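Structure, as structure tokens:
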Amino acid sequence: MTIRHYLQFKDLSADEYAYLLRRAAFIKGKFKAFEKHHPFADPDRTLAMIFEKASTRTRVSFEAGMYQLGGSVVHLTTGDSQLGRAEPIEDSAKVISRMVDLVMIRTFEQTKIERFAAHSRVPVINGLTNEFHPCQILADLFTLVEYRPAPGGDPLDAIRGKVVAWVGDGNNMANTWLQAAELLGFTVHVSTPSGYEVDPALAGITRSDCFKTFKDPREACAGADLVTTDVWTSMGFEAENEVRRAAFAQWCVDEDMMRRAKPDALFMHCLPAHRGEEVTADVIDGPQSVVWDEAENRMHVQKALMECLLLGRL
């Protein structure tokens with residue numbers, strides 16, 4: 001098979017996403033029924049997880065998911081490998097990819113994972129970079145389809161035409177939401193404080209009709225099918241924390257914003273969450289919040305993704 005990498009959301013086609021969403025539902029069904037699903041058991045497949053940024057959900061979802069597929073996992077950080085001792089990324093990629101079947105990297109600059117992938121003999125998956133977080137958006141869309149399925153069962157029909165309100169920082173999550181909207185045919189209402197806007201060029205967006213910008217986050221939420229946000233200070237920007245607290249004070253998702261969305265609108269957050277900052281407790285712990293299913297679904301969509309990258313469509 002031709003090596004396929006998953007470095008940003010637009011690396012796959014709409015048809016491939018339709019397959020992954022259906023496959024994730026199948027794999028999750030196996031998990032919930034306590035049925036084995038071990039496509040990586042014979043021969044044994046190994047995933048290398050490389051962390052330059054610490055994580056809870058990314059590590060647990062990939063590691064547990066790989067074991068559930070019958071495979072094995074090698075966990076690496078910059079502190080316990082040559083990656084933290086100035087070995088060229090290209091050299092690390094050439095060595096590591098000779099010993100494993102898949103590589104997942106959670107790092108800072110997107111250029112790092114692109115350089116690694118360019119010299120890898122196996123598929124590379126973006127577990128998060130400063131610019132993109134494709135696995136999280138894949139999980140969010142799967143969660144949306146689960147809660148609001150289309151009458152005919154087509155997962156893409158459940159997504160097309162929807163309105164997603166993004167409230168907060170124009171970060172890697174926002175960039176990836178824009179890519180997903182352009183590819184899958186929905187609209188993102190973006191509201192960020194001045195100076196923290198999304199850069200369509202960075203996101204690689206070629207169409208302007210897949211998103212709208214709003215100065216008032218309440219207006220962005222009006223008529224939305226999904227309201228979502230993230231922490232105000234992403235990892236690596238901790239020095240800006242106090243400045244961001246002041247700038248983002250009006251961008252806390254609260255009950256008023258949710259009332260402006262559709263009556264059956266969902267709330268999502270990629271976690272970890274800071275109650276009282278980017279979201280109030282009554283929203284994230286309220287009846288419209290699906291954050292816990294959203295978090296679990298990272299594991300199921302990533303299992304479908306890893307299976308597809310290694311074995312193709314089954």
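Following the order of the structure tokens, chains are lettered A, B, ..., residues in each are numbered from 1, and ligands are numbered from 1.
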Mind checking DSSP for range 165-278 of chain A and telling me the helix (DSSP H, G or I) residues as a PyMOL selection string? chain A and resi 172-184+200-203+217-221+238-247+255-260
Give me a file of those residues, with N, CA and C atoms, as a compact mmCIF listing (two decimals), in the first residue's frame.
```txt
# COMPACT_ATOMS: atom_id res chain seq x y z
N ASN A 172 -5.31 25.91 17.12
CA ASN A 172 -5.24 24.71 16.29
C ASN A 172 -6.61 24.05 16.10
N MET A 173 -7.44 24.10 17.13
CA MET A 173 -8.80 23.56 17.00
C MET A 173 -9.62 24.36 15.98
N ALA A 174 -9.56 25.69 16.10
CA ALA A 174 -10.30 26.54 15.17
C ALA A 174 -9.82 26.32 13.73
N ASN A 175 -8.51 26.24 13.54
CA ASN A 175 -7.97 25.99 12.20
C ASN A 175 -8.53 24.70 11.61
N THR A 176 -8.58 23.67 12.45
CA THR A 176 -9.03 22.37 11.97
C THR A 176 -10.53 22.35 11.72
N TRP A 177 -11.29 23.07 12.53
CA TRP A 177 -12.73 23.19 12.26
C TRP A 177 -12.97 23.83 10.88
N LEU A 178 -12.17 24.83 10.53
CA LEU A 178 -12.33 25.46 9.22
C LEU A 178 -12.03 24.48 8.09
N GLN A 179 -10.97 23.69 8.25
CA GLN A 179 -10.66 22.69 7.23
C GLN A 179 -11.81 21.69 7.07
N ALA A 180 -12.37 21.25 8.20
CA ALA A 180 -13.46 20.29 8.15
C ALA A 180 -14.70 20.89 7.49
N ALA A 181 -14.97 22.15 7.79
CA ALA A 181 -16.15 22.81 7.21
C ALA A 181 -16.03 22.92 5.70
N GLU A 182 -14.86 23.31 5.23
CA GLU A 182 -14.66 23.45 3.79
C GLU A 182 -14.80 22.10 3.09
N LEU A 183 -14.30 21.05 3.70
CA LEU A 183 -14.31 19.73 3.07
C LEU A 183 -15.67 19.04 3.14
N LEU A 184 -16.38 19.21 4.27
CA LEU A 184 -17.59 18.42 4.51
C LEU A 184 -18.89 19.21 4.37
N PRO A 200 -7.17 32.30 7.94
CA PRO A 200 -7.59 31.33 6.92
C PRO A 200 -6.43 30.80 6.07
N ALA A 201 -5.43 31.65 5.85
CA ALA A 201 -4.28 31.21 5.05
C ALA A 201 -3.51 30.12 5.77
N LEU A 202 -3.32 30.29 7.09
CA LEU A 202 -2.63 29.27 7.88
C LEU A 202 -3.44 27.97 7.89
N ALA A 203 -4.75 28.10 7.99
CA ALA A 203 -5.60 26.92 7.99
C ALA A 203 -5.66 26.25 6.61
N PRO A 217 -19.64 37.05 20.63
CA PRO A 217 -19.78 35.59 20.68
C PRO A 217 -21.22 35.13 20.79
N ARG A 218 -22.09 35.97 21.36
CA ARG A 218 -23.50 35.59 21.46
C ARG A 218 -24.14 35.52 20.08
N GLU A 219 -23.75 36.43 19.19
CA GLU A 219 -24.26 36.38 17.82
C GLU A 219 -23.73 35.16 17.07
N ALA A 220 -22.50 34.77 17.37
CA ALA A 220 -21.93 33.58 16.73
C ALA A 220 -22.71 32.33 17.10
N CYS A 221 -23.25 32.30 18.31
CA CYS A 221 -23.97 31.12 18.79
C CYS A 221 -25.40 31.04 18.26
N GLU A 238 1.86 29.65 27.96
CA GLU A 238 1.56 29.93 29.36
C GLU A 238 2.01 31.32 29.80
N ALA A 239 3.05 31.86 29.20
CA ALA A 239 3.54 33.19 29.58
C ALA A 239 2.50 34.27 29.30
N GLU A 240 1.54 33.97 28.40
CA GLU A 240 0.50 34.95 28.05
C GLU A 240 -0.76 34.79 28.88
N ASN A 241 -0.73 33.94 29.89
CA ASN A 241 -1.95 33.55 30.58
C ASN A 241 -2.75 34.73 31.13
N GLU A 242 -2.11 35.63 31.85
CA GLU A 242 -2.85 36.73 32.47
C GLU A 242 -3.38 37.72 31.43
N VAL A 243 -2.59 37.97 30.39
CA VAL A 243 -3.04 38.84 29.31
C VAL A 243 -4.25 38.24 28.62
N ARG A 244 -4.22 36.93 28.41
CA ARG A 244 -5.33 36.26 27.75
C ARG A 244 -6.58 36.25 28.64
N ARG A 245 -6.43 36.09 29.91
CA ARG A 245 -7.59 36.11 30.81
C ARG A 245 -8.37 37.42 30.65
N ALA A 246 -7.63 38.51 30.56
CA ALA A 246 -8.29 39.81 30.39
C ALA A 246 -8.93 39.94 29.01
N ALA A 247 -8.21 39.49 27.99
CA ALA A 247 -8.71 39.65 26.62
C ALA A 247 -9.93 38.78 26.34
N GLU A 255 -24.94 30.02 29.78
CA GLU A 255 -26.29 29.61 29.44
C GLU A 255 -26.95 30.56 28.44
N ASP A 256 -26.60 31.84 28.49
CA ASP A 256 -27.18 32.80 27.55
C ASP A 256 -26.76 32.45 26.12
N MET A 257 -25.49 32.10 25.92
CA MET A 257 -25.03 31.71 24.59
C MET A 257 -25.73 30.44 24.12
N MET A 258 -25.88 29.47 25.03
CA MET A 258 -26.54 28.22 24.64
C MET A 258 -28.01 28.44 24.32
N ARG A 259 -28.67 29.37 24.98
CA ARG A 259 -30.07 29.67 24.67
C ARG A 259 -30.22 30.27 23.28
N ARG A 260 -29.19 30.97 22.82
CA ARG A 260 -29.24 31.57 21.49
C ARG A 260 -29.02 30.53 20.39
```
Contacts of Arg121 in chain A within 8 Å, only C-alpha atoms, excl. fewer than 4 positions in-chain, as a list in words: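 Answer for this query is Ile3, Lys94, Ser97 and Arg98 of chain A.
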Could you write out the selected residues, including C-alpha atoms, as a PDB file, in the first residue's frame?
```
ATOM      1  CA  ILE A   3       1.982   5.212   2.740  1.00  0.00           C
ATOM      2  CA  LYS A  94      14.444   6.940   9.491  1.00  0.00           C
ATOM      3  CA  SER A  97       9.971   3.966  11.262  1.00  0.00           C
ATOM      4  CA  ARG A  98      12.107   0.860  10.581  1.00  0.00           C
TER       5      ARG A  98
END
```
So that I can see what lies close to Trp232 in chain A, please list as a list in words the residues with an atom at most 7 Å from it, counting only C-alpha atoms and leaving out residues fewer than 4 positions away in the same chain.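 Here the qualifying residues turn out to be Gly168, Asp169, Arg244 and Glu278 of chain A.
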Can you work out which one of A:Ala222, A:Val190, A:Leu138, A:Val122 has the shortest atom-to-atom distance to Gln8 in chain A, counting only C-alpha atoms? A:Leu138
With only C-alpha atoms as the counted atoms, please give the residues lying no more than 10 Å from range 36-45 of chain A, apart from itself and same-chain residues fewer than 4 positions off, as a ChimeraX atom specification. /A:27-28,30-31,66-73,100-102,306-307,310-311,314
